[in-house]
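model-v4.txt follows (compact mmCIF, C-alpha atoms):
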# COMPACT_ATOMS: atom_id res chain seq x y z
CA MET I 240 103.82 68.40 128.36
CA THR I 241 102.39 71.32 126.39
CA TYR I 242 103.36 69.74 123.07
CA HIS I 243 101.63 66.49 124.08
CA PHE I 244 98.40 68.31 124.99
CA GLU I 245 98.44 70.36 121.80
CA THR I 246 99.10 67.25 119.74
CA GLN I 247 96.07 65.46 121.16
CA CYS I 248 93.80 68.46 120.62
CA ILE I 249 95.03 68.80 117.05
CA HIS I 250 94.16 65.14 116.42
CA GLY I 251 90.76 65.50 118.05
CA GLU I 252 89.95 68.66 116.13
CA TRP I 253 91.31 67.22 112.88
CA LEU I 254 89.27 64.04 113.27
CA ARG I 255 86.13 66.14 113.68
CA THR I 256 86.66 67.66 110.24
CA GLN I 257 86.75 64.31 108.45
CA PRO I 258 83.58 63.40 106.52
CA LYS I 259 83.75 59.72 107.56
CA VAL I 260 84.12 60.51 111.28
CA LYS I 261 80.79 60.84 113.13
CA SER I 262 81.95 61.56 116.69
CA VAL I 263 85.17 62.23 118.59
CA TYR I 264 85.52 61.52 122.31
CA TYR I 265 88.50 63.24 123.87
CA VAL I 266 88.61 64.92 127.26
CA GLY I 267 90.96 67.59 125.87
CA LEU I 268 88.18 69.02 123.70
CA THR I 269 86.39 71.83 125.51
CA ASP I 270 82.91 70.47 124.73
CA HIS I 271 83.65 67.00 126.16
CA LEU I 272 81.42 66.23 129.18
CA GLY I 273 84.46 65.55 131.37
CA TYR I 274 86.56 68.52 130.25
CA GLU I 275 85.98 70.73 133.33
CA ILE I 276 86.42 67.88 135.81
CA ASN I 277 89.62 66.83 134.08
CA ALA I 278 90.93 70.41 133.98
CA ASN I 279 90.32 70.77 137.73
CA GLN I 280 91.90 67.44 138.68
CA THR I 281 94.87 67.00 136.34
CA SER I 282 97.57 68.87 134.50
CA GLY I 283 97.08 67.05 131.20
CA THR I 284 94.56 65.20 129.10
CA GLY I 285 96.20 61.92 128.15
CA SER I 286 96.77 60.41 124.75
CA MET I 287 93.63 58.32 124.20
CA ILE I 288 91.15 59.52 121.58
CA SER I 289 88.06 57.46 120.82
CA PHE I 290 85.99 58.06 117.71
CA GLN I 291 83.17 56.68 115.63
CA VAL I 292 83.26 56.46 111.88
CA ASP I 293 80.32 56.23 109.48
CA SER I 294 80.28 52.43 109.16
CA GLU I 295 81.86 49.13 110.08
CA THR I 296 83.34 49.03 106.57
CA THR I 297 85.10 52.36 107.15
CA ALA I 298 86.44 51.14 110.51
CA ARG I 299 87.83 47.94 109.02
CA ASN I 300 89.27 49.73 105.99
CA LEU I 301 91.00 52.23 108.26
CA LEU I 302 92.58 49.41 110.25
CA GLU I 303 93.81 47.73 107.05
CA LYS I 304 95.20 50.92 105.48
CA ILE I 305 97.11 52.56 108.34
CA GLU I 306 100.87 52.42 107.76
CA LEU I 307 102.61 54.41 110.50
CA ILE I 308 100.03 53.74 113.20
CA THR I 309 99.93 50.13 114.37
CA TYR I 310 96.71 48.12 114.66
CA ALA I 311 97.19 46.62 118.11
CA GLU I 312 95.32 45.86 121.31
CA SER I 313 98.02 46.99 123.73
CA LEU I 314 97.69 50.71 124.38
CA GLY I 315 99.88 53.23 126.13
CA GLY I 316 103.31 52.70 124.56
CA VAL I 317 105.41 55.34 122.86
CA GLU I 318 104.16 54.35 119.42
CA SER I 319 100.72 55.29 118.12
CA LEU I 320 98.28 52.40 118.19
CA LEU I 321 94.75 51.96 116.89
CA THR I 322 92.46 49.38 118.44
CA TYR I 323 89.07 47.98 117.44
CA PRO I 324 87.43 47.28 120.81
CA MET I 325 84.48 45.24 119.50
CA LEU I 326 86.92 42.57 118.31
CA GLN I 327 89.88 43.00 120.59
CA THR I 328 89.18 44.16 124.13
CA HIS I 329 85.41 43.53 124.18
CA GLY I 330 85.09 40.61 121.75
CA ASP I 331 83.62 38.30 124.40
CA VAL I 332 81.05 40.83 125.60
CA PRO I 333 77.55 40.21 124.19
CA LYS I 334 76.63 42.62 121.38
CA GLU I 335 73.71 44.20 123.27
CA ILE I 336 75.96 45.01 126.26
CA ARG I 337 78.70 46.35 123.97
CA GLY I 338 76.09 48.57 122.33
CA ARG I 339 75.01 50.01 125.68
CA LEU I 340 78.67 50.73 126.43
CA GLY I 341 79.17 52.41 123.05
CA ILE I 342 81.49 49.65 121.82
CA THR I 343 79.98 49.34 118.35
CA GLU I 344 81.20 48.19 114.94
CA ASP I 345 82.09 51.78 114.01
CA PHE I 346 84.03 52.63 117.21
CA LEU I 347 87.85 52.92 117.35
CA ARG I 348 90.42 53.98 119.95
CA LEU I 349 93.62 55.78 119.08
CA SER I 350 96.49 55.89 121.55
CA VAL I 351 98.69 58.72 120.27
CA GLY I 352 102.41 58.12 120.61
CA ILE I 353 105.46 60.30 120.13
CA GLU I 354 105.45 60.48 116.33
CA HIS I 355 105.16 63.90 114.72
CA VAL I 356 101.55 65.09 114.53
CA GLU I 357 101.71 65.81 110.78
CA ASP I 358 102.89 62.24 110.10
CA LEU I 359 100.04 60.76 112.13
CA ILE I 360 97.45 62.96 110.45
CA ALA I 361 98.84 62.04 107.02
CA ASP I 362 98.53 58.36 107.89
CA LEU I 363 94.95 58.73 109.09
CA GLU I 364 94.07 60.87 106.10
CA GLN I 365 95.32 58.35 103.54
CA ALA I 366 93.61 55.50 105.42
CA LEU I 367 90.26 57.29 105.52
CA LYS I 368 90.17 57.73 101.72
Mind converting the file's structure to structure tokens?
Amino acid sequence: MTYHFETQCIHGEWLRTQPKVKSVYYVGLTDHLGYEINANQTSGTGSMISFQVDSETTARNLLEKIELITYAESLGGVESLLTYPMLQTHGDVPKEIRGRLGITEDFLRLSVGIEHVEDLIADLEQALK
């Protein structure tokens, strides 16, 4: 359990350092609005990290370039998956409603699996170039 938590925080913190990443949403980060509530109610933080990149082009390029991480709609398996909600899970929702929900063209969700953290970071790093 500790390794899993540390892995997620490493990803969240690493994503924050990337020039093309605008925002990272992960309850395991101490400045997340839900951090205290989560800490009081659970013993972990989960494996879902949402983030915004600097443009729709960056989001689509990232999805095309990932190699280890799979671009897929189904989340929560043992493998790391990246989803593009505006096309996949929220594609039928009108754009103005998606925007209010934060489901924009630059928004991605990463479900972190059991792969080694350095391998996942290397994959994200090469895809963000």
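Close contacts of Glu306 in chain I, defined as residues with an atom at most 12 Å away when counting only C-alpha atoms, with chain neighbours fewer than 3 positions off set aside, comprise Leu301, Leu302, Glu303, Thr309, Tyr310, Ser319, Leu320, Leu321, Asp358, Leu359, Ile360, Ala361, Asp362, Leu363, Glu364, Gln365, Ala366 and Leu367 of chain I.
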Generate a file of the selected residues that holds C-alpha atoms, formatted as an mmCIF file, keeping the file's coordinate frame.
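Contents of the output file selection_6.cif:
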data_model
loop_
_atom_site.group_PDB
_atom_site.id
_atom_site.type_symbol
_atom_site.label_atom_id
_atom_site.label_comp_id
_atom_site.auth_asym_id
_atom_site.auth_seq_id
_atom_site.Cartn_x
_atom_site.Cartn_y
_atom_site.Cartn_z
ATOM 1 C CA LEU I 301 91.000 52.230 108.260
ATOM 2 C CA LEU I 302 92.580 49.410 110.250
ATOM 3 C CA GLU I 303 93.810 47.730 107.050
ATOM 4 C CA THR I 309 99.930 50.130 114.370
ATOM 5 C CA TYR I 310 96.710 48.120 114.660
ATOM 6 C CA SER I 319 100.720 55.290 118.120
ATOM 7 C CA LEU I 320 98.280 52.400 118.190
ATOM 8 C CA LEU I 321 94.750 51.960 116.890
ATOM 9 C CA ASP I 358 102.890 62.240 110.100
ATOM 10 C CA LEU I 359 100.040 60.760 112.130
ATOM 11 C CA ILE I 360 97.450 62.960 110.450
ATOM 12 C CA ALA I 361 98.840 62.040 107.020
ATOM 13 C CA ASP I 362 98.530 58.360 107.890
ATOM 14 C CA LEU I 363 94.950 58.730 109.090
ATOM 15 C CA GLU I 364 94.070 60.870 106.100
ATOM 16 C CA GLN I 365 95.320 58.350 103.540
ATOM 17 C CA ALA I 366 93.610 55.500 105.420
ATOM 18 C CA LEU I 367 90.260 57.290 105.520
#
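As for CA of Glu344 in chain I and CA of Glu318 in chain I, they are spaced 24.2 Å apart.
For the atom pair formed by CA of Thr281 in chain I and CA of Thr328 in chain I, the distance is 26.5 Å, given to one decimal.
Ranking I:Ser262, I:Thr256, I:Ser350, I:Gln291 by their shortest atom-to-atom distance to Ser313 in chain I, with all atoms listed in the file included, puts I:Ser350 first.
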Length of the CA of Gly251 in chain I to CA of Ile305 in chain I vector [Å]:
17.4 Å
